[in-house]
Amino acid sequence: MAEGLITIKSAHETEIVINKSRFIASIYPAETEEEAKAFIQSKKKEHHDATHNCSSYIIGPTMLIQKANDDGEPSGTAGVPMLEVLKKQQLHNVVVVVTRYFGGIKLGAGGLIRAYGSAVSQVIKEIGRIILLDAIPFEITLDYDQTGRFEHELQQTDYQLVDTSYTDKVTYTINVIASEEDNFISFLNEVNQGKYDLTKQDMIALPFPYNKEEER
């Protein structure tokens, strides 16, 4: 389980322009170093005419694998600043490539550090971070005359209704954060007076938006 792991939900790309240079930041969720390297190569192929395709990635639940590459920019002015943004945002299993098309104006070491860092910060801000939490899928089966109140009360909670199936009874599939299991059972007992059939499935990792400010 990847309880509490912060990452991104999908690939995203954004572009900023600084002193006529284009910086295209592309971010991607990668669970292995092989996936990260493959993404970097795909971006180098896509932007083969670019001046630089700098990259960084963090892999593993403990951030064990961390790599940064300046791709021809002065040492320490691109890949490492990009990596530092990923670390500051507490991101796991993520790879980012910042492609630069030189605009004719040199930025200097400080300018490059700010530019590459800003590009990564922007793409993360746009895609948003998620946190993976352990959750339990439950199947709750009710008689039809119980469904009205149950559905009304369920809408007032944060429990995730995944599916509803109708046969001679109604079965709801609901995802519940593992730490909320006892509260969920209490909710069922209160709403349905104990009149329900309950099936507990294997635990899964669910993504939730993560809006906490990054650590300073």
# chains A, B, ... in the order shown; residues from 1 in each chain; ligands from 1
call {"tool": "residues_around", "arguments": {"residues": "Val123 (chain A)", "least_positions_apart": "2", "cutoff": "12 Å", "atoms": "only C-alpha atoms", "output": "number ranges by chain"}}
result
A: 8, 10-16, 23-28, 82, 85-86, 89, 95-98, 116-121, 125-129
call {"tool": "write_last_selection", "arguments": {"atoms": "N, CA, C and O atoms", "output": "compact mmCIF listing (two decimals), in the first residue's frame"}}
result
# COMPACT_ATOMS: atom_id res chain seq x y z
N ILE A 8 0.98 12.84 -8.74
CA ILE A 8 0.07 13.53 -9.65
C ILE A 8 -0.83 12.49 -10.30
O ILE A 8 -0.49 11.32 -10.37
N SER A 10 -2.07 12.54 -13.56
CA SER A 10 -1.92 12.29 -14.99
C SER A 10 -0.83 13.20 -15.56
O SER A 10 -0.32 14.08 -14.87
N ALA A 11 -0.52 12.98 -16.82
CA ALA A 11 0.47 13.82 -17.50
C ALA A 11 -0.08 15.22 -17.74
O ALA A 11 -1.30 15.41 -17.88
N HIS A 12 0.82 16.18 -17.80
CA HIS A 12 0.41 17.56 -18.08
C HIS A 12 1.59 18.32 -18.67
O HIS A 12 2.74 17.97 -18.46
N GLU A 13 1.27 19.37 -19.41
CA GLU A 13 2.32 20.18 -20.06
C GLU A 13 1.91 21.64 -20.02
O GLU A 13 0.74 21.98 -20.16
N THR A 14 2.88 22.49 -19.80
CA THR A 14 2.63 23.93 -19.83
C THR A 14 3.87 24.64 -20.37
O THR A 14 4.94 24.04 -20.50
N GLU A 15 3.73 25.91 -20.71
CA GLU A 15 4.84 26.66 -21.30
C GLU A 15 4.92 28.05 -20.69
O GLU A 15 3.89 28.71 -20.47
N ILE A 16 6.14 28.48 -20.39
CA ILE A 16 6.38 29.86 -19.99
C ILE A 16 7.46 30.44 -20.90
O ILE A 16 8.27 29.70 -21.46
N PHE A 23 10.18 27.81 -22.39
CA PHE A 23 10.41 26.70 -21.47
C PHE A 23 9.12 25.88 -21.40
O PHE A 23 8.11 26.35 -20.88
N ILE A 24 9.18 24.67 -21.95
CA ILE A 24 8.01 23.79 -21.97
C ILE A 24 8.20 22.71 -20.91
O ILE A 24 9.10 21.87 -21.02
N ALA A 25 7.37 22.73 -19.88
CA ALA A 25 7.47 21.76 -18.79
C ALA A 25 6.46 20.65 -19.00
O ALA A 25 5.27 20.90 -19.14
N SER A 26 6.95 19.41 -19.02
CA SER A 26 6.09 18.23 -19.19
C SER A 26 6.29 17.32 -17.99
O SER A 26 7.41 16.91 -17.69
N ILE A 27 5.19 16.98 -17.31
CA ILE A 27 5.26 16.15 -16.12
C ILE A 27 4.45 14.88 -16.33
O ILE A 27 3.46 14.88 -17.07
N TYR A 28 4.90 13.79 -15.68
CA TYR A 28 4.28 12.49 -15.94
C TYR A 28 4.41 11.61 -14.70
O TYR A 28 5.46 11.60 -14.05
N MET A 82 15.11 21.79 -10.76
CA MET A 82 13.85 21.11 -11.07
C MET A 82 13.56 20.03 -10.01
O MET A 82 12.44 19.90 -9.52
N VAL A 85 12.32 21.39 -6.70
CA VAL A 85 10.89 21.73 -6.69
C VAL A 85 10.05 20.49 -6.44
O VAL A 85 9.10 20.51 -5.65
N LEU A 86 10.39 19.38 -7.10
CA LEU A 86 9.67 18.13 -6.87
C LEU A 86 9.76 17.72 -5.40
O LEU A 86 8.76 17.30 -4.80
N GLN A 89 7.70 19.97 -3.12
CA GLN A 89 6.28 19.66 -3.25
C GLN A 89 5.95 18.25 -2.77
O GLN A 89 4.81 17.80 -2.88
N VAL A 95 8.16 12.21 -13.00
CA VAL A 95 9.26 12.65 -13.85
C VAL A 95 8.84 13.94 -14.55
O VAL A 95 7.68 14.10 -14.92
N VAL A 96 9.79 14.85 -14.69
CA VAL A 96 9.49 16.11 -15.37
C VAL A 96 10.62 16.43 -16.34
O VAL A 96 11.80 16.21 -16.05
N VAL A 97 10.24 16.92 -17.52
CA VAL A 97 11.18 17.37 -18.53
C VAL A 97 10.86 18.82 -18.85
O VAL A 97 9.70 19.17 -19.08
N VAL A 98 11.88 19.67 -18.82
CA VAL A 98 11.71 21.06 -19.25
C VAL A 98 12.52 21.26 -20.51
O VAL A 98 13.75 21.15 -20.51
N TYR A 116 13.98 27.39 -14.79
CA TYR A 116 13.67 25.96 -14.78
C TYR A 116 12.80 25.60 -13.56
O TYR A 116 11.87 24.81 -13.66
N GLY A 117 13.12 26.21 -12.43
CA GLY A 117 12.31 25.97 -11.24
C GLY A 117 10.89 26.48 -11.41
O GLY A 117 9.92 25.81 -11.02
N SER A 118 10.76 27.66 -12.01
CA SER A 118 9.42 28.24 -12.22
C SER A 118 8.58 27.41 -13.17
O SER A 118 7.37 27.25 -12.99
N ALA A 119 9.22 26.86 -14.21
CA ALA A 119 8.49 26.04 -15.17
C ALA A 119 7.91 24.79 -14.49
O ALA A 119 6.76 24.42 -14.72
N VAL A 120 8.72 24.17 -13.62
CA VAL A 120 8.25 22.98 -12.91
C VAL A 120 7.15 23.35 -11.92
O VAL A 120 6.13 22.65 -11.81
N SER A 121 7.33 24.44 -11.19
CA SER A 121 6.31 24.88 -10.24
C SER A 121 4.98 25.14 -10.94
O SER A 121 3.91 24.79 -10.43
N LYS A 125 1.42 23.23 -10.36
CA LYS A 125 0.26 24.02 -9.94
C LYS A 125 -0.94 23.75 -10.83
O LYS A 125 -2.08 23.63 -10.34
N GLU A 126 -0.70 23.61 -12.13
CA GLU A 126 -1.81 23.40 -13.06
C GLU A 126 -2.42 22.01 -12.94
O GLU A 126 -3.64 21.86 -12.97
N ILE A 127 -1.59 20.98 -12.82
CA ILE A 127 -2.12 19.61 -12.76
C ILE A 127 -2.65 19.30 -11.37
O ILE A 127 -3.61 18.53 -11.22
N GLY A 128 -2.05 19.89 -10.34
CA GLY A 128 -2.47 19.62 -8.97
C GLY A 128 -1.88 18.33 -8.44
O GLY A 128 -1.55 17.41 -9.19
N ARG A 129 -1.74 18.26 -7.12
CA ARG A 129 -1.21 17.07 -6.47
C ARG A 129 -2.35 16.22 -5.91
O ARG A 129 -3.41 16.74 -5.59
call {"tool": "select_by_dssp", "arguments": {"residues": "region 63-213 of chain A", "states": "strand (DSSP E or B)", "output": "mmCIF file with C-alpha atoms, in the first residue's frame"}}
result
data_model
loop_
_atom_site.group_PDB
_atom_site.id
_atom_site.type_symbol
_atom_site.label_atom_id
_atom_site.label_comp_id
_atom_site.auth_asym_id
_atom_site.auth_seq_id
_atom_site.Cartn_x
_atom_site.Cartn_y
_atom_site.Cartn_z
ATOM 1 C CA ILE A 65 15.724 7.113 -6.595
ATOM 2 C CA GLN A 66 16.409 10.751 -7.477
ATOM 3 C CA LYS A 67 18.058 11.840 -10.722
ATOM 4 C CA ALA A 68 18.666 15.186 -12.424
ATOM 5 C CA ASN A 69 20.147 16.044 -15.821
ATOM 6 C CA VAL A 94 7.070 11.687 -10.899
ATOM 7 C CA VAL A 95 9.262 12.655 -13.852
ATOM 8 C CA VAL A 96 9.495 16.113 -15.367
ATOM 9 C CA VAL A 97 11.184 17.372 -18.534
ATOM 10 C CA VAL A 98 11.706 21.057 -19.247
ATOM 11 C CA THR A 99 12.412 21.748 -22.890
ATOM 12 C CA ARG A 100 14.129 25.022 -23.744
ATOM 13 C CA TYR A 101 14.094 26.775 -27.085
ATOM 14 C CA ARG A 129 -1.211 17.067 -6.473
ATOM 15 C CA ILE A 130 -3.038 14.024 -5.158
ATOM 16 C CA ILE A 131 -2.513 11.888 -2.075
ATOM 17 C CA LEU A 132 -3.096 8.138 -2.100
ATOM 18 C CA LEU A 133 -5.013 6.869 0.906
ATOM 19 C CA ASP A 134 -5.916 3.325 1.918
ATOM 20 C CA ALA A 135 -9.608 2.716 1.305
ATOM 21 C CA ILE A 136 -12.042 -0.190 1.671
ATOM 22 C CA PRO A 137 -14.726 -0.913 -0.949
ATOM 23 C CA PHE A 138 -17.960 -2.008 0.744
ATOM 24 C CA GLU A 139 -21.050 -3.499 -0.881
ATOM 25 C CA ILE A 140 -24.251 -2.614 0.968
ATOM 26 C CA THR A 141 -27.462 -4.374 -0.040
ATOM 27 C CA LEU A 142 -30.829 -2.885 0.958
ATOM 28 C CA GLN A 160 -17.581 7.672 -2.318
ATOM 29 C CA LEU A 161 -20.482 5.987 -4.104
ATOM 30 C CA VAL A 162 -18.911 3.983 -6.934
ATOM 31 C CA ASP A 163 -21.770 1.915 -8.320
ATOM 32 C CA THR A 164 -25.425 1.021 -7.803
ATOM 33 C CA SER A 165 -26.988 -2.217 -9.072
ATOM 34 C CA TYR A 166 -30.655 -3.168 -9.079
ATOM 35 C CA VAL A 170 -30.385 -2.586 -4.382
ATOM 36 C CA THR A 171 -26.628 -2.974 -3.914
ATOM 37 C CA TYR A 172 -24.344 0.037 -3.469
ATOM 38 C CA THR A 173 -20.573 -0.090 -3.850
ATOM 39 C CA ILE A 174 -19.008 2.563 -1.641
ATOM 40 C CA ASN A 175 -15.345 3.395 -1.038
ATOM 41 C CA VAL A 176 -14.504 4.307 2.547
ATOM 42 C CA ILE A 177 -11.170 5.609 3.845
ATOM 43 C CA ASP A 197 -26.190 -6.921 4.111
ATOM 44 C CA LEU A 198 -22.553 -5.843 4.074
ATOM 45 C CA THR A 199 -19.607 -7.235 2.116
ATOM 46 C CA LYS A 200 -16.067 -5.934 2.714
ATOM 47 C CA ILE A 204 -7.185 -0.352 -2.355
ATOM 48 C CA ALA A 205 -5.292 2.954 -2.730
ATOM 49 C CA LEU A 206 -7.504 5.865 -3.718
ATOM 50 C CA PRO A 207 -6.410 9.295 -4.974
ATOM 51 C CA PHE A 208 -7.672 12.427 -3.253
ATOM 52 C CA PRO A 209 -6.819 16.074 -3.990
ATOM 53 C CA TYR A 210 -3.919 17.313 -1.882
#
call {"tool": "atom_distance", "arguments": {"atom1": "CA of Asp143 (chain A)", "atom2": "CA of Lys195 (chain A)"}}
result
8.7 Å
call {"tool": "residues_around", "arguments": {"residues": "Thr51 (chain A)", "least_positions_apart": "5", "cutoff": "10 Å", "atoms": "only C-alpha atoms", "output": "PDB file with N, CA and C atoms, in the first residue's frame"}}
result
ATOM      1  N   SER A  21      13.098  33.114 -24.460  1.00  0.00           N
ATOM      2  CA  SER A  21      13.306  31.668 -24.454  1.00  0.00           C
ATOM      3  C   SER A  21      12.013  30.974 -24.028  1.00  0.00           C
ATOM      4  N   ARG A  22      11.645  29.898 -24.752  1.00  0.00           N
ATOM      5  CA  ARG A  22      10.464  29.105 -24.409  1.00  0.00           C
ATOM      6  C   ARG A  22      10.879  27.958 -23.493  1.00  0.00           C
ATOM      7  N   ASP A  71      21.388  18.425 -19.307  1.00  0.00           N
ATOM      8  CA  ASP A  71      21.344  18.333 -20.771  1.00  0.00           C
ATOM      9  C   ASP A  71      22.039  19.504 -21.469  1.00  0.00           C
ATOM     10  N   GLY A  72      23.220  19.815 -21.013  1.00  0.00           N
ATOM     11  CA  GLY A  72      24.016  20.835 -21.698  1.00  0.00           C
ATOM     12  C   GLY A  72      23.951  22.224 -21.094  1.00  0.00           C
ATOM     13  N   GLU A  73      22.990  22.476 -20.222  1.00  0.00           N
ATOM     14  CA  GLU A  73      22.982  23.758 -19.516  1.00  0.00           C
ATOM     15  C   GLU A  73      24.130  23.755 -18.506  1.00  0.00           C
ATOM     16  N   THR A  99      11.812  21.531 -21.574  1.00  0.00           N
ATOM     17  CA  THR A  99      12.412  21.748 -22.890  1.00  0.00           C
ATOM     18  C   THR A  99      12.636  23.245 -23.098  1.00  0.00           C
ATOM     19  N   ARG A 100      13.839  23.610 -23.505  1.00  0.00           N
ATOM     20  CA  ARG A 100      14.129  25.022 -23.744  1.00  0.00           C
ATOM     21  C   ARG A 100      14.451  25.269 -25.210  1.00  0.00           C
ATOM     22  N   TYR A 101      13.756  26.239 -25.769  1.00  0.00           N
ATOM     23  CA  TYR A 101      14.094  26.775 -27.085  1.00  0.00           C
ATOM     24  C   TYR A 101      14.702  28.155 -26.856  1.00  0.00           C
ATOM     25  N   PHE A 102      16.007  28.253 -27.088  1.00  0.00           N
ATOM     26  CA  PHE A 102      16.755  29.472 -26.781  1.00  0.00           C
ATOM     27  C   PHE A 102      16.257  30.651 -27.616  1.00  0.00           C
ATOM     28  N   GLY A 103      16.030  31.782 -26.920  1.00  0.00           N
ATOM     29  CA  GLY A 103      15.479  32.952 -27.591  1.00  0.00           C
ATOM     30  C   GLY A 103      16.491  34.027 -27.927  1.00  0.00           C
TER      31      GLY A 103
END
call {"tool": "atom_distance", "arguments": {"atom1": "CA of Gln41 (chain A)", "atom2": "CA of Lys87 (chain A)"}}
result
22.3 Å
call {"tool": "select_by_dssp", "arguments": {"residues": "chain A", "states": "helix (DSSP H, G or I)", "output": "MDAnalysis selection string"}}
result
chainID A and resid 33:46 79:88 108:127 144:154 178:192
call {"tool": "residues_around", "arguments": {"residues": "Ala36 (chain A)", "least_positions_apart": "3", "cutoff": "9 Å", "atoms": "only C-alpha atoms", "output": "PyMOL selection string"}}
result
chain A and resi 28-33+39-41+56-59+93-96
call {"tool": "closest_residue", "arguments": {"among": "A:Glu35, A:Gln146, A:Lys88, A:Thr62", "to": "Gly194 (chain A)", "atoms": "only C-alpha atoms"}}
result
A:Gln146
call {"tool": "closest_residue", "arguments": {"among": "A:Lys20, A:Arg114, A:Arg149, A:Lys9", "to": "Gly76 (chain A)", "atoms": "only C-alpha atoms"}}
result
A:Arg114
call {"tool": "atom_distance", "arguments": {"atom1": "CA of Gly104 (chain A)", "atom2": "CA of Ile18 (chain A)"}}
result
10.8 Å
call {"tool": "residues_around", "arguments": {"residues": "Ile113 (chain A)", "least_positions_apart": "5", "cutoff": "10 Å", "atoms": "only C-alpha atoms", "output": "count of residues only"}}
result
11
call {"tool": "closest_residue", "arguments": {"among": "A:Phe150, A:Asp168, A:Glu181, A:Cys54", "to": "Gln193 (chain A)", "atoms": "only C-alpha atoms"}}
result
A:Phe150
